[in-house]
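Coordinates as given in start_24.txt (compact mmCIF, C-alpha atoms):
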# COMPACT_ATOMS: atom_id res chain seq x y z
CA MET A 1 12.07 125.41 75.37
CA ALA A 2 11.24 121.96 76.67
CA ASN A 3 10.36 121.70 80.29
CA THR A 4 12.30 119.64 82.81
CA LYS A 5 9.62 117.01 83.22
CA GLU A 6 9.63 116.15 79.53
CA VAL A 7 13.40 115.82 79.39
CA ARG A 8 13.44 113.65 82.49
CA LYS A 9 10.86 111.33 80.95
CA GLN A 10 12.93 111.01 77.80
CA ILE A 11 16.08 110.18 79.77
CA ALA A 12 14.23 107.49 81.72
CA SER A 13 12.93 105.90 78.53
CA ILE A 14 16.37 105.83 76.88
CA LYS A 15 17.87 104.35 80.02
CA GLY A 16 15.29 101.56 79.81
CA THR A 17 16.25 100.86 76.20
CA GLN A 18 19.91 100.91 77.12
CA LYS A 19 19.31 98.24 79.74
CA ILE A 20 17.63 96.01 77.16
CA THR A 21 20.36 96.43 74.55
CA SER A 22 23.15 95.79 77.04
CA ALA A 23 21.35 92.63 78.22
CA MET A 24 21.01 91.50 74.61
CA GLU A 25 24.68 92.19 74.05
CA MET A 26 25.60 89.91 76.92
CA VAL A 27 23.24 87.17 75.72
CA ALA A 28 24.73 87.38 72.23
CA ALA A 29 28.26 87.24 73.62
CA SER A 30 27.58 84.03 75.51
CA LYS A 31 25.71 82.49 72.56
CA MET A 32 28.53 83.48 70.26
CA LYS A 33 30.92 81.27 72.18
CA LYS A 34 28.55 78.31 71.83
CA THR A 35 27.87 78.83 68.15
CA GLN A 36 31.58 79.21 67.45
CA ASP A 37 32.21 75.92 69.19
CA GLY A 38 29.49 74.37 67.06
CA MET A 39 31.19 75.73 63.96
CA LEU A 40 34.54 74.25 65.00
CA GLU A 41 33.04 70.87 65.90
CA GLY A 42 31.69 70.42 62.39
CA ARG A 43 34.98 71.34 60.75
CA PRO A 44 36.80 67.99 60.95
CA TYR A 45 33.99 66.26 59.06
CA SER A 46 33.83 68.84 56.31
CA LEU A 47 37.63 68.84 55.98
CA LYS A 48 37.80 65.05 55.74
CA ILE A 49 34.95 64.73 53.30
CA LYS A 50 36.58 67.43 51.19
CA GLU A 51 39.79 65.40 51.20
CA VAL A 52 37.95 62.27 50.12
CA ILE A 53 36.13 64.17 47.40
CA SER A 54 39.40 65.57 46.07
CA HIS A 55 40.86 62.02 46.04
CA ILE A 56 37.86 60.89 44.06
CA ALA A 57 38.23 63.80 41.66
CA SER A 58 41.85 62.84 41.03
CA ALA A 59 41.03 59.17 40.49
CA SER A 60 40.18 58.08 36.97
CA SER A 61 36.72 56.87 37.72
CA GLU A 62 34.69 54.94 35.16
CA TYR A 63 31.64 56.92 36.20
CA ASN A 64 31.25 60.66 35.86
CA HIS A 65 28.82 62.06 38.34
CA PRO A 66 26.24 64.60 37.13
CA PHE A 67 27.40 67.07 39.80
CA TYR A 68 30.64 67.48 37.85
CA GLU A 69 28.90 67.86 34.54
CA GLU A 70 28.97 71.35 32.98
CA ARG A 71 25.62 71.84 31.34
CA LYS A 72 24.66 74.85 29.36
CA PRO A 73 23.12 76.88 32.17
CA LYS A 74 19.53 77.97 31.79
CA LYS A 75 18.34 77.99 35.37
CA ALA A 76 20.16 78.49 38.64
CA CYS A 77 19.18 78.01 42.24
CA PHE A 78 20.47 80.16 45.08
CA ILE A 79 20.62 78.56 48.50
CA VAL A 80 20.44 81.60 50.75
CA ILE A 81 21.27 81.20 54.41
CA SER A 82 20.07 83.88 56.78
CA SER A 83 19.28 84.29 60.45
CA ASP A 84 15.88 83.76 62.03
CA LYS A 85 16.03 86.89 64.13
CA GLY A 86 16.90 90.47 63.34
CA LEU A 87 18.84 93.07 65.34
CA CYS A 88 22.12 91.88 63.94
CA GLY A 89 23.20 94.91 61.96
CA GLY A 90 23.59 94.63 58.22
CA LEU A 91 24.41 90.93 58.29
CA ASN A 92 21.42 89.66 56.34
CA ILE A 93 20.85 92.64 54.10
CA ASN A 94 24.48 92.70 52.94
CA LEU A 95 24.15 89.06 51.91
CA PHE A 96 20.83 89.64 50.15
CA LYS A 97 22.35 92.53 48.22
CA GLN A 98 25.08 90.23 46.91
CA VAL A 99 22.56 87.55 46.01
CA ILE A 100 20.38 90.03 44.14
CA SER A 101 23.32 91.46 42.20
CA LYS A 102 24.56 87.97 41.29
CA SER A 103 21.07 86.99 40.25
CA ALA A 104 20.82 90.12 38.09
CA GLU A 105 24.16 89.22 36.53
CA LEU A 106 22.88 85.75 35.66
CA ASP A 107 19.64 87.25 34.39
CA ALA A 108 21.66 89.32 31.92
CA GLN A 109 23.12 86.07 30.60
CA GLY A 110 19.63 84.66 30.21
CA ILE A 111 19.82 82.43 33.26
CA GLU A 112 16.71 82.29 35.38
CA SER A 113 17.03 82.32 39.17
CA THR A 114 15.17 80.37 41.82
CA PHE A 115 15.74 80.51 45.55
CA ALA A 116 15.96 78.01 48.38
CA LEU A 117 15.96 79.77 51.72
CA VAL A 118 17.13 79.07 55.22
CA GLY A 119 15.94 81.38 57.97
CA THR A 120 12.93 83.61 58.59
CA LYS A 121 14.75 86.74 57.41
CA ALA A 122 15.46 85.34 53.96
CA SER A 123 11.94 84.07 53.45
CA GLY A 124 10.54 87.44 54.53
CA PHE A 125 12.89 89.32 52.23
CA PHE A 126 12.32 87.23 49.14
CA LYS A 127 8.56 87.27 49.73
CA SER A 128 8.63 91.07 49.52
CA VAL A 129 11.10 91.28 46.63
CA GLY A 130 9.44 88.54 44.63
CA GLY A 131 11.33 85.64 43.15
CA LYS A 132 10.59 81.97 42.75
CA VAL A 133 11.12 80.22 46.07
CA VAL A 134 11.41 76.44 45.89
CA ALA A 135 12.23 75.49 49.46
CA VAL A 136 12.18 77.16 52.85
CA VAL A 137 13.41 75.97 56.20
CA GLU A 138 13.06 78.13 59.29
CA LYS A 139 13.74 78.13 63.00
CA LEU A 140 16.64 75.72 63.11
CA GLY A 141 17.77 77.13 66.45
CA ASP A 142 21.23 77.80 67.78
CA LYS A 143 22.32 74.20 67.41
CA PRO A 144 20.90 73.06 64.09
CA ASN A 145 20.39 69.36 63.57
CA PRO A 146 21.91 68.06 60.31
CA ASP A 147 18.75 65.96 59.80
CA ASP A 148 16.62 69.08 59.52
CA LEU A 149 18.55 70.19 56.46
CA ILE A 150 18.51 66.90 54.56
CA GLY A 151 15.03 67.36 53.12
CA PHE A 152 15.80 70.95 52.24
CA THR A 153 18.99 70.04 50.40
CA LYS A 154 17.25 67.15 48.68
CA VAL A 155 14.76 69.51 47.04
CA VAL A 156 17.63 71.37 45.38
CA LEU A 157 19.54 68.21 44.42
CA ASP A 158 16.39 66.61 42.99
CA MET A 159 15.77 69.69 40.90
CA HIS A 160 19.28 69.35 39.55
CA LYS A 161 18.74 65.68 38.85
CA ASN A 162 15.51 66.37 36.96
CA GLY A 163 17.16 69.13 34.96
CA ASP A 164 15.05 71.89 36.51
CA ILE A 165 18.23 73.71 37.45
CA ASP A 166 21.73 73.57 36.00
CA GLN A 167 23.63 75.49 38.63
CA ALA A 168 23.39 75.93 42.37
CA TYR A 169 24.95 78.66 44.45
CA LEU A 170 25.48 78.65 48.18
CA CYS A 171 25.10 82.11 49.73
CA SER A 172 26.01 82.69 53.34
CA ASN A 173 28.16 84.78 55.63
CA SER A 174 31.62 83.53 56.40
CA PHE A 175 33.08 84.15 59.80
CA VAL A 176 36.35 86.09 59.54
CA ASN A 177 36.47 87.23 63.15
CA THR A 178 34.13 88.69 65.72
CA MET A 179 34.20 92.11 64.09
CA THR A 180 34.04 91.02 60.46
CA GLN A 181 31.62 88.79 58.62
CA GLN A 182 32.00 88.42 54.91
CA PRO A 183 28.99 87.65 52.71
CA LYS A 184 29.89 85.22 49.96
CA VAL A 185 28.22 83.55 47.01
CA GLU A 186 29.87 80.31 45.97
CA GLN A 187 29.11 77.94 43.17
CA LEU A 188 28.01 74.59 44.55
CA ILE A 189 26.94 72.71 41.43
CA PRO A 190 28.64 71.91 39.15
CA LEU A 191 31.40 71.04 41.55
CA SER A 192 34.68 72.40 40.34
CA PRO A 193 37.34 69.72 40.25
CA GLU A 194 40.22 70.61 42.56
CA GLU A 195 42.54 73.07 40.83
CA ASP A 196 45.60 71.78 42.64
CA GLY A 197 44.69 68.18 41.85
CA GLY A 198 47.14 68.17 38.98
CA PRO A 199 46.80 65.75 36.10
CA LYS A 200 44.49 62.80 36.55
CA SER A 201 46.34 59.81 37.86
CA GLN A 202 45.78 56.32 36.59
CA TRP A 203 44.53 54.60 39.71
CA ASP A 204 40.93 54.09 40.64
CA TYR A 205 39.09 52.90 43.68
CA ILE A 206 37.58 49.52 44.18
CA TYR A 207 33.95 50.37 44.69
CA GLU A 208 31.81 48.28 46.96
CA PRO A 209 29.08 47.75 45.89
CA GLU A 210 29.29 49.95 42.76
CA ALA A 211 30.55 53.36 41.75
CA LYS A 212 27.27 55.00 40.84
CA SER A 213 25.33 54.46 44.04
CA LEU A 214 28.40 55.10 46.19
CA LEU A 215 29.36 58.35 44.53
CA ASP A 216 25.73 59.42 44.50
CA GLY A 217 25.54 58.93 48.23
CA LEU A 218 28.91 60.43 48.98
CA LEU A 219 28.50 63.54 46.85
CA THR A 220 25.02 64.12 48.23
CA ARG A 221 26.51 63.85 51.69
CA TYR A 222 29.24 66.28 50.67
CA ILE A 223 26.76 68.90 49.50
CA GLU A 224 24.71 68.37 52.65
CA SER A 225 27.78 68.86 54.78
CA LEU A 226 28.66 72.07 52.91
CA VAL A 227 25.16 73.42 53.47
CA TYR A 228 25.18 72.37 57.11
CA GLN A 229 28.57 73.93 57.71
CA ALA A 230 27.37 77.15 56.10
CA VAL A 231 24.33 77.22 58.38
CA VAL A 232 26.44 76.68 61.47
CA GLU A 233 28.91 79.32 60.39
CA ASN A 234 26.12 81.75 59.63
CA ASN A 235 24.84 81.17 63.16
CA ALA A 236 28.19 82.17 64.61
CA CYS A 237 28.16 85.25 62.34
CA GLU A 238 24.68 86.16 63.51
CA GLN A 239 25.63 86.12 67.18
CA ALA A 240 28.85 88.06 66.58
CA ALA A 241 27.04 90.67 64.49
CA LYS A 242 24.29 90.89 67.07
CA MET A 243 26.80 91.44 69.82
CA ILE A 244 28.46 94.27 67.92
CA ALA A 245 25.14 95.83 66.91
CA MET A 246 23.89 95.75 70.49
CA LYS A 247 27.16 97.15 71.80
CA ASN A 248 26.85 100.06 69.39
CA ALA A 249 23.24 100.60 70.43
CA THR A 250 24.23 100.64 74.10
CA ASP A 251 27.04 103.13 73.42
CA ASN A 252 24.73 105.35 71.39
CA ALA A 253 22.15 105.30 74.14
CA GLY A 254 24.88 106.41 76.57
CA ASP A 255 25.76 109.35 74.30
CA LEU A 256 22.11 110.33 73.98
CA ILE A 257 21.63 110.22 77.74
CA LYS A 258 24.66 112.47 78.23
CA GLU A 259 23.30 115.02 75.78
CA LEU A 260 19.87 114.94 77.32
CA GLU A 261 21.28 115.37 80.81
CA LEU A 262 23.12 118.46 79.62
CA LEU A 263 19.90 119.77 78.14
CA TYR A 264 18.06 118.93 81.36
CA ASN A 265 20.56 120.93 83.43
CA ASN A 266 20.34 123.83 81.00
CA VAL A 267 16.56 123.89 81.20
CA ARG A 268 16.61 123.64 84.98
CA GLN A 269 19.18 126.43 85.26
CA ALA A 270 17.19 128.62 82.90
CA ALA A 271 14.06 128.10 84.98
CA ILE A 272 15.88 129.04 88.18
CA THR A 273 17.43 132.11 86.61
CA GLN A 274 14.08 133.20 85.31
CA GLU A 275 12.46 132.76 88.71
CA LEU A 276 15.26 134.68 90.41
CA SER A 277 15.07 137.58 87.97
CA GLU A 278 11.31 137.66 88.43
CA ILE A 279 11.74 137.88 92.22
CA VAL A 280 14.45 140.54 91.92
CA GLY A 281 12.30 142.46 89.42
CA GLY A 282 9.31 142.14 91.78
CA ALA A 283 11.34 143.40 94.78
CA ALA A 284 12.60 146.40 92.78
CA ALA A 285 9.03 147.29 91.84
CA VAL A 286 7.93 147.35 95.48
CA MET B 1 55.66 47.28 62.21
CA SER B 2 54.06 49.48 59.61
CA THR B 3 51.02 51.48 60.57
CA ILE B 4 48.19 53.21 58.80
CA LYS B 5 46.72 56.61 59.58
CA ILE B 6 43.13 56.52 60.74
CA ASN B 7 40.60 59.31 60.97
CA ILE B 8 37.08 58.81 62.24
CA VAL B 9 34.80 61.83 62.00
CA SER B 10 31.10 62.31 62.48
CA SER B 11 29.11 65.27 61.27
CA SER B 12 29.28 66.93 64.68
CA GLU B 13 32.77 66.08 65.92
CA GLU B 14 36.10 64.38 65.42
CA ILE B 15 35.97 60.97 67.07
CA TYR B 16 39.39 59.50 66.54
CA SER B 17 42.59 60.41 64.83
CA GLY B 18 45.72 58.33 65.09
CA GLU B 19 47.76 55.40 63.87
CA GLY B 20 46.90 51.73 63.88
CA THR B 21 48.23 48.43 62.59
CA MET B 22 44.84 47.15 61.52
CA VAL B 23 41.29 48.48 61.14
CA TYR B 24 38.11 46.46 61.05
CA ALA B 25 34.86 48.00 59.84
CA THR B 26 31.40 46.87 58.88
CA GLY B 27 31.08 47.66 55.20
CA SER B 28 27.77 47.54 53.38
CA LEU B 29 28.84 44.22 51.85
CA GLY B 30 30.24 42.72 55.04
CA GLU B 31 33.06 43.12 57.46
CA ILE B 32 36.40 44.30 56.08
CA GLY B 33 39.81 44.33 57.64
CA VAL B 34 42.30 46.92 56.45
CA ALA B 35 46.04 46.49 56.82
CA PRO B 36 48.61 49.13 55.83
CA GLY B 37 49.14 49.25 52.06
CA HIS B 38 45.57 48.31 51.23
CA THR B 39 44.50 49.12 47.69
CA PRO B 40 42.26 52.23 47.36
CA LEU B 41 38.70 51.32 48.17
CA LEU B 42 35.48 53.16 48.67
CA THR B 43 32.49 51.63 50.37
CA GLY B 44 29.40 52.41 52.36
CA LEU B 45 29.23 51.57 56.04
CA ALA B 46 26.48 49.51 57.59
CA PRO B 47 25.55 50.16 61.22
CA GLY B 48 28.11 48.34 63.33
CA PRO B 49 31.41 48.50 65.09
CA VAL B 50 34.64 50.00 63.75
CA ARG B 51 37.69 48.67 65.54
CA VAL B 52 41.16 50.15 65.49
CA VAL B 53 43.98 47.80 66.50
CA ASN B 54 47.36 49.22 67.38
CA GLY B 55 49.72 46.47 68.49
CA SER B 56 48.10 44.96 71.54
CA GLU B 57 45.74 47.88 72.12
CA GLU B 58 42.31 48.05 70.64
CA GLU B 59 39.69 50.75 70.48
CA ALA B 60 36.14 50.26 69.32
CA PHE B 61 33.60 52.71 67.96
CA PHE B 62 30.03 52.41 66.90
CA CYS B 63 29.01 53.77 63.52
CA SER B 64 25.37 54.00 62.47
CA GLY B 65 26.29 54.32 58.81
CA GLY B 66 28.33 56.46 56.51
CA PHE B 67 31.28 55.99 54.19
CA LEU B 68 34.70 54.42 54.37
CA GLU B 69 37.57 55.54 52.20
CA ILE B 70 40.80 53.60 52.05
CA GLN B 71 44.09 54.87 50.63
CA PRO B 72 47.28 52.81 50.98
CA ASP B 73 48.40 54.88 53.97
CA LEU B 74 45.13 56.40 55.13
CA VAL B 75 41.73 55.26 56.30
CA THR B 76 38.93 57.80 56.58
CA VAL B 77 35.64 56.93 58.22
CA LEU B 78 32.91 59.46 57.45
CA SER B 79 30.30 58.42 59.93
CA ASP B 80 26.77 59.74 60.15
CA THR B 81 27.03 59.37 63.88
CA ALA B 82 29.85 57.64 65.67
CA GLU B 83 30.21 56.92 69.34
CA ARG B 84 33.07 55.58 71.31
CA ALA B 85 32.09 52.09 72.31
CA GLU B 86 32.56 52.82 76.00
CA ASN B 87 29.74 55.31 75.75
CA LEU B 88 27.30 52.74 74.49
CA ASP B 89 24.65 51.96 76.99
CA GLU B 90 23.30 48.46 76.73
CA ALA B 91 19.99 49.15 78.45
CA GLU B 92 19.42 52.07 76.13
CA ALA B 93 20.21 49.92 73.12
CA ILE B 94 17.81 47.16 74.16
CA LYS B 95 15.10 49.73 74.72
CA ALA B 96 15.66 51.19 71.26
CA LYS B 97 15.51 47.71 69.74
CA GLU B 98 12.27 46.88 71.49
CA ALA B 99 10.71 50.16 70.45
CA ALA B 100 11.73 49.56 66.85
CA GLU B 101 10.35 46.00 66.92
CA LYS B 102 7.10 47.23 68.37
CA ASP B 103 6.85 49.82 65.64
CA LEU B 104 7.39 47.16 63.03
CA ALA B 105 4.86 44.81 64.62
CA ASN B 106 1.89 47.18 64.62
CA GLN B 107 2.19 48.56 61.16
CA ASP B 108 -0.58 50.95 60.36
CA ALA B 109 -1.01 53.24 57.44
CA THR B 110 0.85 56.12 59.02
CA LEU B 111 4.00 54.16 59.81
CA ASP B 112 7.05 54.64 57.71
CA TYR B 113 8.18 51.07 57.22
CA ALA B 114 11.62 51.88 55.85
CA LYS B 115 12.37 54.15 58.76
CA ALA B 116 11.32 51.59 61.32
CA ALA B 117 13.39 48.89 59.63
CA SER B 118 16.49 51.07 59.60
CA GLN B 119 15.93 51.98 63.24
CA LEU B 120 15.74 48.30 64.09
CA ALA B 121 18.91 47.53 62.12
CA GLU B 122 20.72 50.29 63.95
CA ALA B 123 19.56 49.14 67.37
CA VAL B 124 20.58 45.55 66.64
CA ALA B 125 24.00 46.66 65.42
CA ARG B 126 24.46 48.73 68.54
CA LEU B 127 23.63 45.73 70.71
CA LYS B 128 26.03 43.53 68.76
CA THR B 129 28.84 46.03 69.29
CA ILE B 130 28.22 46.01 73.01
CA GLN B 131 28.04 42.25 73.23
CA LYS B 132 31.22 41.81 71.21
CA LEU B 133 33.01 44.16 73.55
CA ARG B 134 31.66 42.34 76.60
CA LYS B 135 32.96 39.00 75.37
CA LYS B 136 36.45 40.36 75.08
CA GLN B 137 36.63 41.70 78.59
Can you turn what I pasted into C-alpha cells?
Amino acid sequence: MANTKEVRKQIASIKGTQKITSAMEMVAASKMKKTQDGMLEGRPYSLKIKEVISHIASASSEYNHPFYEERKPKKACFIVISSDKGLCGGLNINLFKQVISKSAELDAQGIESTFALVGTKASGFFKSVGGKVVAVVEKLGDKPNPDDLIGFTKVVLDMHKNGDIDQAYLCSNSFVNTMTQQPKVEQLIPLSPEEDGGPKSQWDYIYEPEAKSLLDGLLTRYIESLVYQAVVENNACEQAAKMIAMKNATDNAGDLIKELELLYNNVRQAAITQELSEIVGGAAAV
Amino acid sequence: MSTIKINIVSSSEEIYSGEGTMVYATGSLGEIGVAPGHTPLLTGLAPGPVRVVNGSEEEAFFCSGGFLEIQPDLVTVLSDTAERAENLDEAEAIKAKEAAEKDLANQDATLDYAKAASQLAEAVARLKTIQKLRKKQ
C-alpha cells in the first residue's frame, strides 16, 4: 500500500493543476464575452451585404459573374478555420473530422482537394495528415483585423479565377450557444442564388462605372466578409469551448482530490492501527 | 414628405440606420444625391463624406471607400471603414496627409506607390469632410 507521503504529494500536485485550470476557465469566460461582442459587431455588415447580394441575384444583370458559374468540378478548396491554441475540447478535431469526410466524399467523385488554413491547429493537423495546402494564416489574435484576411482570401479567389479550383468550401464552427458549437462545411463557390429569390425580375441596376468591375469588387468583398465572419465566430466558439473544457477539468480535479484524500485517510488509519497492534502485541509478550 | 430608409454599415459595426429625405455620397464617379424613389443603382464609393439629410437635420459620416446600393426605398452603404463625422480629428487627419505626402515624395524601391497614393487620397478626403463640416457650423 502507498505511504502517506506519496499520497500527500499527489494531492498537492493535483491541487496545483486545479488552480491553473480554474484560472484558465475564468480567463476564457471573460474573453468569451469580448469575442461574442466582436461576433455581433460584424453581423450588421454581413447581413446587409447579403441583402445587397440577393438583390443583385434577383436583378437581370447583363453580366454573369464567374462566382455564380457552375463548372464541372475537378478541384475543390477547403477553407478551414481553426483556433491558434488548444485546450478547447473537441472543437478543432470535430471540425477536421467533417472536413476529412467531406474531402473523402469529393475524392470518390474524382474531385481533388486542396486546403487553405486559418489557425495554428489546422496547419499542424494538415501537415501531419498530408494534403495540399495553398495558404496559411496564423495568430490573428482575439480581435482579428479584416485586412489580415484579405491576402489569404485572395489566394483562394485567384485560384478560382485561374481555373485551379472549381469549388470552394468554408469550414468553421458555428456558435449555437455557450454549451454547443456546431462544425459546418458550407459551399462558398459557386455561390448559390437565393432560393427564396423567386423568378428573376426584369429590372436591373444602373452600374457606375460598369457592371463587371463593380460586381467583381462587391462579390470579392462578400466572400471576404463571409470568411471574416466565420473567423470571428470561430473565435467565440473557441473561448466558449475552452471555458467548458476547463470547467470540466477543474471539476475532475476536484473529484480526484476527494478520492485521494479518502485514500490518504485510509492509509494513515491503517498505519496507526498497525502501530497500535504492534504495541499491544509487544506489551502482551512482556 | 416621403423618406428613404438608410443603412450605413462598416465591417466592424453598424454606423447608422434610419430614415432620411435625402442622401449625399461620394461615388467613384463623383458626388451623387439620392432622393426617395431613386432608380436602382450600384456604385463604388470614393473616400469622402456621406451625408444624411432628414428635414432640417443633417448627419455626416466619413467613408474611406466601399459600395453604395440604391433601391427605390432603400439606400445601403457598405463602407470599408466609416466614422461619424464628429469623431474626425482634424489634427490627426493633417498628420496622416503629411505622412502620406512624405512617403510619396521620397519614393525608393521598397515603397508601395499605389498604397501611398491611396493613403494620401484618404487623408485628403478626411480633411475635406472636416472642412466642409466646419463651414456649415
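Shortest atom-to-atom contact with Leu41 in chain B among B:Asp73, B:Glu57, B:Asp112, B:Glu122: B:Asp73, counting all atoms listed in the file.
All residues of protein, DNA or RNA that reach within 8 Å of Thr153 in chain A, judged by all atoms listed in the file and not counting those fewer than 4 positions away in the chain, are A:Leu149, A:Leu157, A:Ile223, A:Glu224, A:Val227.
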Practice item. Tell me which of A:Glu208, A:Asp216, A:Glu6, A:Asp164 sits closest to Thr43 in chain B, counting all atoms listed in the file. Key: A:Glu208
Exercise for review: To one decimal in Å, tell me the separation between CA of Val75 in chain B and CA of Leu219 in chain A.
Suggested key: 18.2 Å
Can you pull out every residue within 7 Å of range 244-247 of chain A, counting all atoms listed in the file, but drop anything in the same chain fewer than 4 positions away, and send it as a compact mmCIF listing (two decimals) with C-alpha atoms, in the coordinates of the input?
# COMPACT_ATOMS: atom_id res chain seq x y z
CA THR A 21 20.36 96.43 74.55
CA SER A 22 23.15 95.79 77.04
CA MET A 24 21.01 91.50 74.61
CA GLU A 25 24.68 92.19 74.05
CA CYS A 88 22.12 91.88 63.94
CA GLY A 89 23.20 94.91 61.96
CA ALA A 240 28.85 88.06 66.58
CA ASP A 251 27.04 103.13 73.42
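Checking B:Thr21, B:Ser64, B:Thr76, B:Ser2 one by one against chain A, counting only C-alpha atoms, you find the shortest gap at B:Thr76.
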Practice item. Please provide the set of residues having any atom within 7 Å of Asn54 in chain B, restricted to only C-alpha atoms, with same-chain residues fewer than 4 positions apart removed, written as a ChimeraX atom specification. Key: /B:20-22,58
Point to revise | Between CA of Ala76 in chain A and CA of Glu105 in chain A - distance in Å to one decimal | key: 11.6 Å
Up to 6 Å from chain A, what residues of chain B turn up? Count all atoms listed in the file and give them as a short mmCIF file (atom, residue, chain, number, x, y, z; two decimals) with C-alpha atoms, keeping the file's coordinate frame.
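Just written: out-v3.cif:
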data_model
loop_
_atom_site.label_atom_id
_atom_site.label_comp_id
_atom_site.auth_asym_id
_atom_site.auth_seq_id
_atom_site.Cartn_x
_atom_site.Cartn_y
_atom_site.Cartn_z
CA VAL B 9 34.80 61.83 62.00
CA SER B 10 31.10 62.31 62.48
CA SER B 11 29.11 65.27 61.27
CA SER B 12 29.28 66.93 64.68
CA GLU B 13 32.77 66.08 65.92
CA GLU B 14 36.10 64.38 65.42
CA PRO B 40 42.26 52.23 47.36
CA LEU B 41 38.70 51.32 48.17
CA LEU B 42 35.48 53.16 48.67
CA THR B 43 32.49 51.63 50.37
#
Point to revise | Within 12 Å of file point (28.4, 80.4, 45.5), counting all atoms listed in the file, expressed as a PyMOL selection string | key: chain A and resi 76-81+95+98-99+102-103+167-174+183-192+226-227+230
Keeping only C-alpha atoms, write the selected residues to a file as a PDB file, keeping the file's coordinate frame.
ATOM      1  CA  ALA A  76      20.160  78.490  38.640  1.00  0.00           C
ATOM      2  CA  CYS A  77      19.180  78.010  42.240  1.00  0.00           C
ATOM      3  CA  PHE A  78      20.470  80.160  45.080  1.00  0.00           C
ATOM      4  CA  ILE A  79      20.620  78.560  48.500  1.00  0.00           C
ATOM      5  CA  VAL A  80      20.440  81.600  50.750  1.00  0.00           C
ATOM      6  CA  ILE A  81      21.270  81.200  54.410  1.00  0.00           C
ATOM      7  CA  LEU A  95      24.150  89.060  51.910  1.00  0.00           C
ATOM      8  CA  GLN A  98      25.080  90.230  46.910  1.00  0.00           C
ATOM      9  CA  VAL A  99      22.560  87.550  46.010  1.00  0.00           C
ATOM     10  CA  LYS A 102      24.560  87.970  41.290  1.00  0.00           C
ATOM     11  CA  SER A 103      21.070  86.990  40.250  1.00  0.00           C
ATOM     12  CA  GLN A 167      23.630  75.490  38.630  1.00  0.00           C
ATOM     13  CA  ALA A 168      23.390  75.930  42.370  1.00  0.00           C
ATOM     14  CA  TYR A 169      24.950  78.660  44.450  1.00  0.00           C
ATOM     15  CA  LEU A 170      25.480  78.650  48.180  1.00  0.00           C
ATOM     16  CA  CYS A 171      25.100  82.110  49.730  1.00  0.00           C
ATOM     17  CA  SER A 172      26.010  82.690  53.340  1.00  0.00           C
ATOM     18  CA  ASN A 173      28.160  84.780  55.630  1.00  0.00           C
ATOM     19  CA  SER A 174      31.620  83.530  56.400  1.00  0.00           C
ATOM     20  CA  PRO A 183      28.990  87.650  52.710  1.00  0.00           C
ATOM     21  CA  LYS A 184      29.890  85.220  49.960  1.00  0.00           C
ATOM     22  CA  VAL A 185      28.220  83.550  47.010  1.00  0.00           C
ATOM     23  CA  GLU A 186      29.870  80.310  45.970  1.00  0.00           C
ATOM     24  CA  GLN A 187      29.110  77.940  43.170  1.00  0.00           C
ATOM     25  CA  LEU A 188      28.010  74.590  44.550  1.00  0.00           C
ATOM     26  CA  ILE A 189      26.940  72.710  41.430  1.00  0.00           C
ATOM     27  CA  PRO A 190      28.640  71.910  39.150  1.00  0.00           C
ATOM     28  CA  LEU A 191      31.400  71.040  41.550  1.00  0.00           C
ATOM     29  CA  SER A 192      34.680  72.400  40.340  1.00  0.00           C
ATOM     30  CA  LEU A 226      28.660  72.070  52.910  1.00  0.00           C
ATOM     31  CA  VAL A 227      25.160  73.420  53.470  1.00  0.00           C
ATOM     32  CA  ALA A 230      27.370  77.150  56.100  1.00  0.00           C
TER      33      ALA A 230
END
Exercise for review: Have a look at CA of Leu256 in chain A and CA of Arg268 in chain A and let me know their distance in Å, one decimal.
Suggested key: 18.1 Å
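With only C-alpha atoms as the atoms that count, the residue of B:Gly37, B:Ala121, B:Ala116, B:Thr26 with the shortest distance to Phe61 in chain B is B:Thr26.
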Review point. Within 12 Å of Ala96 in chain B, counting all atoms listed in the file, which residues qualify if same-chain residues fewer than 6 places away don't, as a PyMOL selection string?
Key: chain B and resi 89-90+102-103+116+118-127
Review point. Using all atoms listed in the file, which residue out of B:Ala117, B:Ala46, B:Ala99, B:Leu68 lies closest to Val34 in chain B?
Key: B:Leu68
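Nearest to Lys34 in chain A of all the residues A:Gln274, A:Asp255, A:Glu261, A:Asn235 is A:Asn235, based on all atoms listed in the file.
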Point to revise | Nearby residues (only C-alpha atoms) at most 12 Å from Glu31 in chain B, same-chain spacing under 6 positions excluded, as a PyMOL selection string | key: (chain A and resi 208) or (chain B and resi 23-25+43-51+68)
